[in-house]
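*Asks:* Before I ask anything, let me first share the structure, which is written out below as structure tokens.
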Amino acid sequence: MLLTFFLFKVAAGDPTSVLLGKNPSAKEVESLRNELQSNLPMICGNWIETEMFDCENSSELDSELIFKQNFKDVLYNVRAEITFSGELKHNNKSYFSIAPKEIFITLHNPQTDLRICKNSDTKIKSIKFYRKNSSFWNSQLLSTVKEVVSLKSKFPFISFFNFGKSFMTGEKVSKILINGAGPSLMLMIPIFFGEIFIGIIFALISTIYKDSLIDKFLTLFSIIGMSVSYLVFIILGQWYLGYYFNFFPVWGYGELRHLILPIIIGIVTGVGGGVRFYKTIFVNELNQDYLRTALAKGCSKFAIYAKHLLRNAMLPIITRAAISLPFLFTGSLLLEKFFGIPGLGYIGIAALENADLQIIKALVVITAFLFVFVNLLVDITYALVDPRICIDNKE
């Protein structure tokens with residue numbers, strides 16, 4: 001979460017330029033930054049950047065610097081941070097420096113333009129304006145933490161994932177995510193279980209008929225499935241099954257038939273890697289003593305492979321399933337985008353295109369939480385599948 005926070009602040013920068021378009025007024029910029037809290041200090045601090053005075057369009061005379069006031073209907077103390085060399089005067093107070101130096105001039109509820117006297121050889125390197133922060137700890141980091149978890153005065157006294165409103169639509173982010181979760185789950189749950197079930201079946205067949213033509217065909221099929229781009233399967237599926245043969249619609253959401261083609265494509269693209277992974281596990285298990293013992297006792301092939309082999313290979317299977325399980329929530333970006341399914345993947349791409357940082361942040365943070373939570377469930381499931389994991393080996 002900390003890494004995501006700093007990446008968003010460094011890479012995304014100030015969102016006001018995107019949201020307000022070209023040539024917004026200083027008051028609009030100030031108001032939006034206050035609403036988004038993007039003008040707060042990164043970690044902590046007593047001062048907040050303000051647009052109350054205009055630096056770019058300031059007037060510079062031989063003996064005076066004049067900074068125009070952008071708006072006057074807000075009363076608060078303003079601090080000017082000036083980096084200069086030479087001599088400056090303000091309110092009969094002189095500041096002198098040979099090398100570039102920072103000075104701070106505090107203006108108490110200014111109602112007029114800021115005028116600073118200077119010498120002809122004075123050089124101004126930079127000037128910034130700040131207003132007083134409500135608290136030293138009031139920062140972008142604290143506001144981000146509050147988006148994840150915050151305290152309330154009413155029961156249940158705690159609230160999670162309060163990401164505010166979308167920058168583009170003004171709709172609550174939580175409502176957008178809830179509306180998108182349904183289509184994503186409708187698409188990804190069949191893909192998830194289809195990949196596992198079909199992958200295990202094909203891997204068992206390949207293991208049973210090891211080194212035969214069936215095994216070589218399934219190996220070739222799985223390698224092709226792993227090697228060919230996801231995008232190729234989508235384009236071929238839409239062209240031949242959707243457009244050429246007109247078996248399925250290629251765009252839209254609302255009926256079951258809209259989901260059939262993307263589910264088929266999702267399963268086909270995922271089965272290849274699953275077959276290779278599961279087969280590797282099964283082949284390694286074939287050399288174990290318990291299988292040779294079962295074979296020597298006259299157990300049927302079905303009992304050997306379905307009961308003994310599959311049961312002892314469940315731990316790595318559960319691990320692989322757990323890795324992909326959190327992404328059921330976010331859905332498949334490409335599938336939802338190409339088929340017009342309004343799931344979380346579709347919403348995420350639209351948020352990227354529109355620089356809607358609140359939605360992007362919510363998807364990143366919630367996916368991270370789901371990943372950690374699912375891994376906790378997997379650790380518990382390990383103990384249920386193989387009780388030997390919980391055995392205490394203390395002497």
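Simple scheme: letters A, B, ... for chains in structure tokens order, numbers from 1 for residues in each chain, numbers from 1 for ligands in the order shown.
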What are the DSSP strand (DSSP E) residues of segment 131-295 of chain A, as a short mmCIF file (atom, residue, chain, number, x, y, z; two decimals) with C-alpha atoms, in the first residue's frame?
*Replies:*
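Okay, this is what ended up in states14.cif:
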```cif
data_model
loop_
_atom_site.label_atom_id
_atom_site.label_comp_id
_atom_site.auth_asym_id
_atom_site.auth_seq_id
_atom_site.Cartn_x
_atom_site.Cartn_y
_atom_site.Cartn_z
CA ARG A 131 -1.51 28.67 3.60
CA LYS A 132 -1.70 27.29 7.13
CA VAL A 149 -9.95 2.32 7.10
CA SER A 150 -11.45 5.11 9.21
CA LEU A 151 -13.24 5.51 12.55
CA ILE A 158 -15.20 1.59 11.77
CA SER A 159 -15.47 1.91 8.00
CA PHE A 160 -13.42 0.34 5.22
#
```
*Asks:* How close does each residue of segment 247-277 of chain A get to segment 174-196 of chain A, giving the shortest atom pair and distance in Å to one decimal for every residue with an atom at most 6 Å away, counting only C-alpha atoms, sorted by chain and residue number, as a tab-separated table?
*Replies:*
```
residue	atom	partner	partner_atom	distance
A:Ile263	CA	A:Ile191	CA	5.7
A:Gly266	CA	A:Ile191	CA	5.9
A:Ile267	CA	A:Ile191	CA	5.2
A:Gly270	CA	A:Glu195	CA	5.9
A:Val271	CA	A:Glu195	CA	5.1
```
*Asks:* May I have the residues from that selection written out with C-alpha atoms, as a compact mmCIF listing (two decimals), in the first residue's frame?
*Replies:*
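Result file is result-v3.txt:
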```
# COMPACT_ATOMS: atom_id res chain seq x y z
CA ILE A 263 -15.91 -17.68 -21.35
CA GLY A 266 -10.90 -17.43 -21.36
CA ILE A 267 -10.90 -21.18 -20.69
CA GLY A 270 -5.87 -20.69 -19.51
CA VAL A 271 -6.08 -24.45 -19.97
```
*Asks:* Produce a table with one row for each residue of segment 313-381 of chain A that has an atom at most 9 Å from any atom of segment 7-27 of chain A, each row naming the nearest atom pair and its distance in Å at one decimal; use only C-alpha atoms; arrange rows by chain and rising residue number; format as JSON lines.
*Replies:*
```
{"residue": "A:Asn354", "atom": "CA", "partner": "A:Val18", "partner_atom": "CA", "distance": 8.3}
{"residue": "A:Ala355", "atom": "CA", "partner": "A:Val18", "partner_atom": "CA", "distance": 7.3}
{"residue": "A:Asp356", "atom": "CA", "partner": "A:Pro15", "partner_atom": "CA", "distance": 8.5}
{"residue": "A:Leu357", "atom": "CA", "partner": "A:Pro15", "partner_atom": "CA", "distance": 8.0}
{"residue": "A:Lys361", "atom": "CA", "partner": "A:Phe8", "partner_atom": "CA", "distance": 8.1}
```
*Asks:* I need the chosen residues saved as a PDB file, in the first residue's frame, with N, CA and C atoms.
*Replies:*
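Once written, selection_35.pdb looks like this:
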```
ATOM      1  N   ASN A 354      -9.168   7.944 -18.548  1.00  0.00           N
ATOM      2  CA  ASN A 354      -9.679   9.239 -18.087  1.00  0.00           C
ATOM      3  C   ASN A 354      -8.919   9.788 -16.887  1.00  0.00           C
ATOM      4  N   ALA A 355      -7.819   9.088 -16.490  1.00  0.00           N
ATOM      5  CA  ALA A 355      -7.021   9.505 -15.325  1.00  0.00           C
ATOM      6  C   ALA A 355      -7.882   9.621 -14.072  1.00  0.00           C
ATOM      7  N   ASP A 356      -8.825   8.687 -13.897  1.00  0.00           N
ATOM      8  CA  ASP A 356      -9.694   8.678 -12.721  1.00  0.00           C
ATOM      9  C   ASP A 356      -8.972   7.924 -11.603  1.00  0.00           C
ATOM     10  N   LEU A 357      -8.131   8.641 -10.865  1.00  0.00           N
ATOM     11  CA  LEU A 357      -7.204   8.008  -9.924  1.00  0.00           C
ATOM     12  C   LEU A 357      -7.916   7.328  -8.769  1.00  0.00           C
ATOM     13  N   LYS A 361      -6.998   3.604  -7.826  1.00  0.00           N
ATOM     14  CA  LYS A 361      -6.462   3.351  -6.486  1.00  0.00           C
ATOM     15  C   LYS A 361      -7.297   2.306  -5.758  1.00  0.00           C
TER      16      LYS A 361
END
```
*Asks:* Would you mind listing what lies within 10 Å of Pro249 of chain A as a PyMOL selection string, with only C-alpha atoms counted and same-chain residues fewer than 6 positions away left out?
*Replies:* chain A and resi 238+241-243+257-262+339
*Asks:* Keeping only N, CA and C atoms, write the selected residues to a file as a PDB file, in the first residue's frame.
*Replies:*
```pdb
ATOM      1  N   GLN A 238     -13.769 -13.765 -32.091  1.00  0.00           N
ATOM      2  CA  GLN A 238     -14.779 -12.803 -32.531  1.00  0.00           C
ATOM      3  C   GLN A 238     -15.003 -12.875 -34.039  1.00  0.00           C
ATOM      4  N   LEU A 241     -16.130 -17.250 -34.828  1.00  0.00           N
ATOM      5  CA  LEU A 241     -17.315 -17.725 -34.109  1.00  0.00           C
ATOM      6  C   LEU A 241     -18.397 -16.657 -33.981  1.00  0.00           C
ATOM      7  N   GLY A 242     -17.979 -15.396 -33.961  1.00  0.00           N
ATOM      8  CA  GLY A 242     -18.950 -14.329 -33.813  1.00  0.00           C
ATOM      9  C   GLY A 242     -19.421 -13.736 -35.118  1.00  0.00           C
ATOM     10  N   TYR A 243     -18.472 -13.296 -35.958  1.00  0.00           N
ATOM     11  CA  TYR A 243     -18.842 -12.590 -37.187  1.00  0.00           C
ATOM     12  C   TYR A 243     -19.093 -13.546 -38.356  1.00  0.00           C
ATOM     13  N   ARG A 257     -26.060 -15.420 -23.526  1.00  0.00           N
ATOM     14  CA  ARG A 257     -25.344 -15.670 -24.771  1.00  0.00           C
ATOM     15  C   ARG A 257     -24.205 -14.673 -24.992  1.00  0.00           C
ATOM     16  N   HIS A 258     -24.261 -13.517 -24.342  1.00  0.00           N
ATOM     17  CA  HIS A 258     -23.172 -12.557 -24.454  1.00  0.00           C
ATOM     18  C   HIS A 258     -21.915 -13.036 -23.726  1.00  0.00           C
ATOM     19  N   LEU A 259     -22.082 -13.968 -22.764  1.00  0.00           N
ATOM     20  CA  LEU A 259     -20.953 -14.427 -21.962  1.00  0.00           C
ATOM     21  C   LEU A 259     -20.314 -15.703 -22.493  1.00  0.00           C
ATOM     22  N   ILE A 260     -21.017 -16.446 -23.366  1.00  0.00           N
ATOM     23  CA  ILE A 260     -20.529 -17.764 -23.777  1.00  0.00           C
ATOM     24  C   ILE A 260     -19.192 -17.671 -24.499  1.00  0.00           C
ATOM     25  N   LEU A 261     -19.080 -16.803 -25.496  1.00  0.00           N
ATOM     26  CA  LEU A 261     -17.841 -16.704 -26.271  1.00  0.00           C
ATOM     27  C   LEU A 261     -16.667 -16.231 -25.425  1.00  0.00           C
ATOM     28  N   PRO A 262     -16.786 -15.158 -24.637  1.00  0.00           N
ATOM     29  CA  PRO A 262     -15.641 -14.776 -23.798  1.00  0.00           C
ATOM     30  C   PRO A 262     -15.258 -15.830 -22.779  1.00  0.00           C
ATOM     31  N   PHE A 339     -15.273  -7.249 -25.470  1.00  0.00           N
ATOM     32  CA  PHE A 339     -16.650  -7.725 -25.585  1.00  0.00           C
ATOM     33  C   PHE A 339     -17.664  -6.755 -24.970  1.00  0.00           C
TER      34      PHE A 339
END
```
*Asks:* Calculate how many Å separate atom CA of Ile349 of chain A from atom CA of Leu333 of chain A, rounding to one decimal.
*Replies:*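 Atom CA of Ile349 of chain A sits 7.1 Å away from atom CA of Leu333 of chain A.
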*Asks:* Measuring atom to atom with only C-alpha atoms, identify which of A:Val148, A:Cys117, A:Met168, A:Ile127 is nearest to Ile366 of chain A.
*Replies:*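 Ranking A:Val148, A:Cys117, A:Met168, A:Ile127 by distance to Ile366 of chain A, first place goes to A:Val148.
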*Asks:* What does the distance from atom CA of Lys146 of chain A to atom CA of Gln37 of chain A come to in Å, to one decimal?
*Replies:*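 Distance between the two atoms: 12.1 Å.
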*Asks:* Give me, as a ChimeraX atom specification, the residues of segment 251-296 of chain A that a backbone DSSP run labels helix (DSSP H, G or I).
*Replies:* /A:257-286,289-296
*Asks:* So how far away is atom CA of Asn70 of chain A from atom CA of Glu87 of chain A, in Å?
*Replies:*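 Separating atom CA of Glu87 of chain A from atom CA of Asn70 of chain A is a distance of 26.3 Å.
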*Asks:* Quick one: residues within 12 Å of Phe221 of chain A, only C-alpha atoms, excluding same-chain residues fewer than 6 positions away - as JSON, numbers by chain?
*Replies:* {"A": [199, 202, 203, 206, 214, 215, 227, 228, 268, 269, 270, 271, 272, 273, 274, 275, 276]}
*Asks:* Those residues you just picked out, can you put them in a file as an mmCIF file, in the first residue's frame with N, CA and C atoms?
*Replies:*
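The file below, selection02.cif, is the result:
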```cif
data_model
loop_
_atom_site.group_PDB
_atom_site.id
_atom_site.type_symbol
_atom_site.label_atom_id
_atom_site.label_comp_id
_atom_site.auth_asym_id
_atom_site.auth_seq_id
_atom_site.Cartn_x
_atom_site.Cartn_y
_atom_site.Cartn_z
ATOM 1 N N GLY A 199 -8.284 -28.525 -17.107
ATOM 2 C CA GLY A 199 -6.839 -28.687 -17.006
ATOM 3 C C GLY A 199 -6.449 -29.949 -16.265
ATOM 4 N N PHE A 202 -7.355 -33.119 -18.542
ATOM 5 C CA PHE A 202 -6.375 -33.299 -19.615
ATOM 6 C C PHE A 202 -5.019 -33.724 -19.060
ATOM 7 N N ALA A 203 -4.619 -33.173 -17.913
ATOM 8 C CA ALA A 203 -3.332 -33.527 -17.323
ATOM 9 C C ALA A 203 -3.329 -34.990 -16.861
ATOM 10 N N SER A 206 -3.073 -37.142 -19.970
ATOM 11 C CA SER A 206 -1.702 -37.087 -20.477
ATOM 12 C C SER A 206 -0.762 -37.908 -19.610
ATOM 13 N N ILE A 214 -1.478 -39.548 -27.644
ATOM 14 C CA ILE A 214 -2.412 -38.689 -26.893
ATOM 15 C C ILE A 214 -1.646 -37.701 -26.035
ATOM 16 N N ASP A 215 -0.624 -38.182 -25.353
ATOM 17 C CA ASP A 215 0.202 -37.325 -24.515
ATOM 18 C C ASP A 215 0.886 -36.237 -25.349
ATOM 19 N N SER A 227 1.633 -20.206 -25.604
ATOM 20 C CA SER A 227 2.506 -19.369 -26.437
ATOM 21 C C SER A 227 1.754 -18.291 -27.198
ATOM 22 N N VAL A 228 0.552 -18.602 -27.663
ATOM 23 C CA VAL A 228 -0.200 -17.652 -28.481
ATOM 24 C C VAL A 228 -0.789 -16.562 -27.585
ATOM 25 N N VAL A 268 -9.950 -21.509 -22.912
ATOM 26 C CA VAL A 268 -8.955 -22.017 -23.871
ATOM 27 C C VAL A 268 -7.582 -21.419 -23.600
ATOM 28 N N THR A 269 -7.524 -20.134 -23.319
ATOM 29 C CA THR A 269 -6.230 -19.491 -23.090
ATOM 30 C C THR A 269 -5.601 -19.897 -21.763
ATOM 31 N N GLY A 270 -6.413 -20.320 -20.802
ATOM 32 C CA GLY A 270 -5.865 -20.686 -19.507
ATOM 33 C C GLY A 270 -5.580 -22.157 -19.329
ATOM 34 N N VAL A 271 -6.232 -23.005 -20.130
ATOM 35 C CA VAL A 271 -6.078 -24.455 -19.968
ATOM 36 C C VAL A 271 -4.653 -24.901 -20.284
ATOM 37 N N GLY A 272 -4.022 -24.280 -21.297
ATOM 38 C CA GLY A 272 -2.688 -24.704 -21.711
ATOM 39 C C GLY A 272 -1.688 -24.690 -20.576
ATOM 40 N N GLY A 273 -1.593 -23.562 -19.891
ATOM 41 C CA GLY A 273 -0.676 -23.480 -18.760
ATOM 42 C C GLY A 273 -1.062 -24.416 -17.637
ATOM 43 N N GLY A 274 -2.377 -24.599 -17.422
ATOM 44 C CA GLY A 274 -2.831 -25.503 -16.375
ATOM 45 C C GLY A 274 -2.444 -26.946 -16.649
ATOM 46 N N VAL A 275 -2.594 -27.387 -17.895
ATOM 47 C CA VAL A 275 -2.240 -28.767 -18.250
ATOM 48 C C VAL A 275 -0.763 -29.027 -18.001
ATOM 49 N N ARG A 276 0.086 -28.096 -18.436
ATOM 50 C CA ARG A 276 1.528 -28.264 -18.234
ATOM 51 C C ARG A 276 1.870 -28.318 -16.749
#
```
*Asks:* Do a neighbour search on Lys165 of chain A at 9 Å with only C-alpha atoms, toss out local chain neighbours closer than 6 positions, and write the hits as a VMD selection string.
*Replies:* chain A and resid 171 to 174 358 to 359
*Asks:* Kindly export the residues of the current selection with C-alpha atoms, as a short mmCIF file (atom, residue, chain, number, x, y, z; two decimals), in the first residue's frame.
*Replies:*
```cif
data_model
loop_
_atom_site.label_atom_id
_atom_site.label_comp_id
_atom_site.auth_asym_id
_atom_site.auth_seq_id
_atom_site.Cartn_x
_atom_site.Cartn_y
_atom_site.Cartn_z
CA GLU A 171 -20.50 8.86 -8.51
CA LYS A 172 -19.37 7.04 -5.38
CA VAL A 173 -16.46 4.71 -6.09
CA SER A 174 -17.98 2.00 -3.87
CA GLN A 358 -9.76 7.23 -7.21
CA ILE A 359 -11.11 4.21 -9.11
#
```
*Asks:* Considering only C-alpha atoms, state which residue in the set A:Ile200, A:Leu363, A:Ile48, A:Ile124 is at the smallest distance from Ser139 of chain A.
*Replies:*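 Counting only C-alpha atoms, the residue closest to Ser139 of chain A is A:Ile48.
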*Asks:* Considering only C-alpha atoms, can you say which of A:Leu325, A:Gly345, A:Leu204, A:Ser120 comes closest to Val364 of chain A?
*Replies:* A:Gly345
*Asks:* Counting only C-alpha atoms, what is within 10 Å of segment 295-308 of chain A, bar same-chain residues fewer than 2 positions away, as a tab-separated table (two decimals) with C-alpha atoms, in the first residue's frame?
*Replies:*
```tsv
chain	number	residue	atom	x	y	z
A	204	LEU	CA	-4.55	-36.86	-15.88
A	205	ILE	CA	-5.16	-38.23	-19.40
A	207	THR	CA	-0.16	-38.69	-17.38
A	208	ILE	CA	-2.02	-41.98	-17.80
A	282	PHE	CA	1.30	-35.77	-11.53
A	285	GLU	CA	3.98	-38.13	-7.99
A	286	LEU	CA	4.15	-41.27	-10.19
A	289	ASP	CA	6.30	-45.25	-3.10
A	290	TYR	CA	2.62	-45.04	-2.17
A	291	LEU	CA	1.57	-45.36	-5.84
A	292	ARG	CA	3.80	-48.37	-6.45
A	293	THR	CA	2.39	-49.94	-3.28
A	310	LEU	CA	-5.03	-36.54	-7.24
A	311	ARG	CA	-5.48	-36.31	-3.48
A	312	ASN	CA	-1.76	-36.04	-2.78
A	313	ALA	CA	-1.31	-33.45	-5.54
```
*Asks:* If you count only C-alpha atoms, which residues fall within 9 Å of segment 82-84 of chain A, apart from same-chain ones fewer than 5 positions away, as a list in words?
*Replies:*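 Listed by chain and then number, they are Phe96, Ser97, Ile98, Ala99, Pro100, Lys101, Glu102, Ile103, Phe104, Ile105, Thr122, Lys123, Ile124, Lys125, Ser126, Ile127, Lys128 and Phe129 of chain A.
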*Asks:* Please produce a file of the residues just selected, as a PDB file, in the first residue's frame, where the atoms kept are C-alpha atoms.
*Replies:*
```
ATOM      1  CA  PHE A  96      19.911  40.473   2.325  1.00  0.00           C
ATOM      2  CA  SER A  97      21.847  37.491   0.910  1.00  0.00           C
ATOM      3  CA  ILE A  98      24.873  37.067  -1.358  1.00  0.00           C
ATOM      4  CA  ALA A  99      24.103  33.435  -2.301  1.00  0.00           C
ATOM      5  CA  PRO A 100      20.585  32.177  -3.086  1.00  0.00           C
ATOM      6  CA  LYS A 101      18.682  32.002   0.186  1.00  0.00           C
ATOM      7  CA  GLU A 102      15.135  31.219   1.285  1.00  0.00           C
ATOM      8  CA  ILE A 103      13.087  33.717   3.273  1.00  0.00           C
ATOM      9  CA  PHE A 104       9.553  33.351   4.584  1.00  0.00           C
ATOM     10  CA  ILE A 105       7.118  36.273   4.670  1.00  0.00           C
ATOM     11  CA  THR A 122      18.381  41.376  -6.899  1.00  0.00           C
ATOM     12  CA  LYS A 123      17.746  37.983  -8.499  1.00  0.00           C
ATOM     13  CA  ILE A 124      14.659  35.931  -7.701  1.00  0.00           C
ATOM     14  CA  LYS A 125      15.159  32.191  -8.186  1.00  0.00           C
ATOM     15  CA  SER A 126      11.709  30.988  -7.113  1.00  0.00           C
ATOM     16  CA  ILE A 127       8.658  31.958  -5.099  1.00  0.00           C
ATOM     17  CA  LYS A 128       5.859  29.801  -3.736  1.00  0.00           C
ATOM     18  CA  PHE A 129       2.804  30.590  -1.649  1.00  0.00           C
TER      19      PHE A 129
END
```
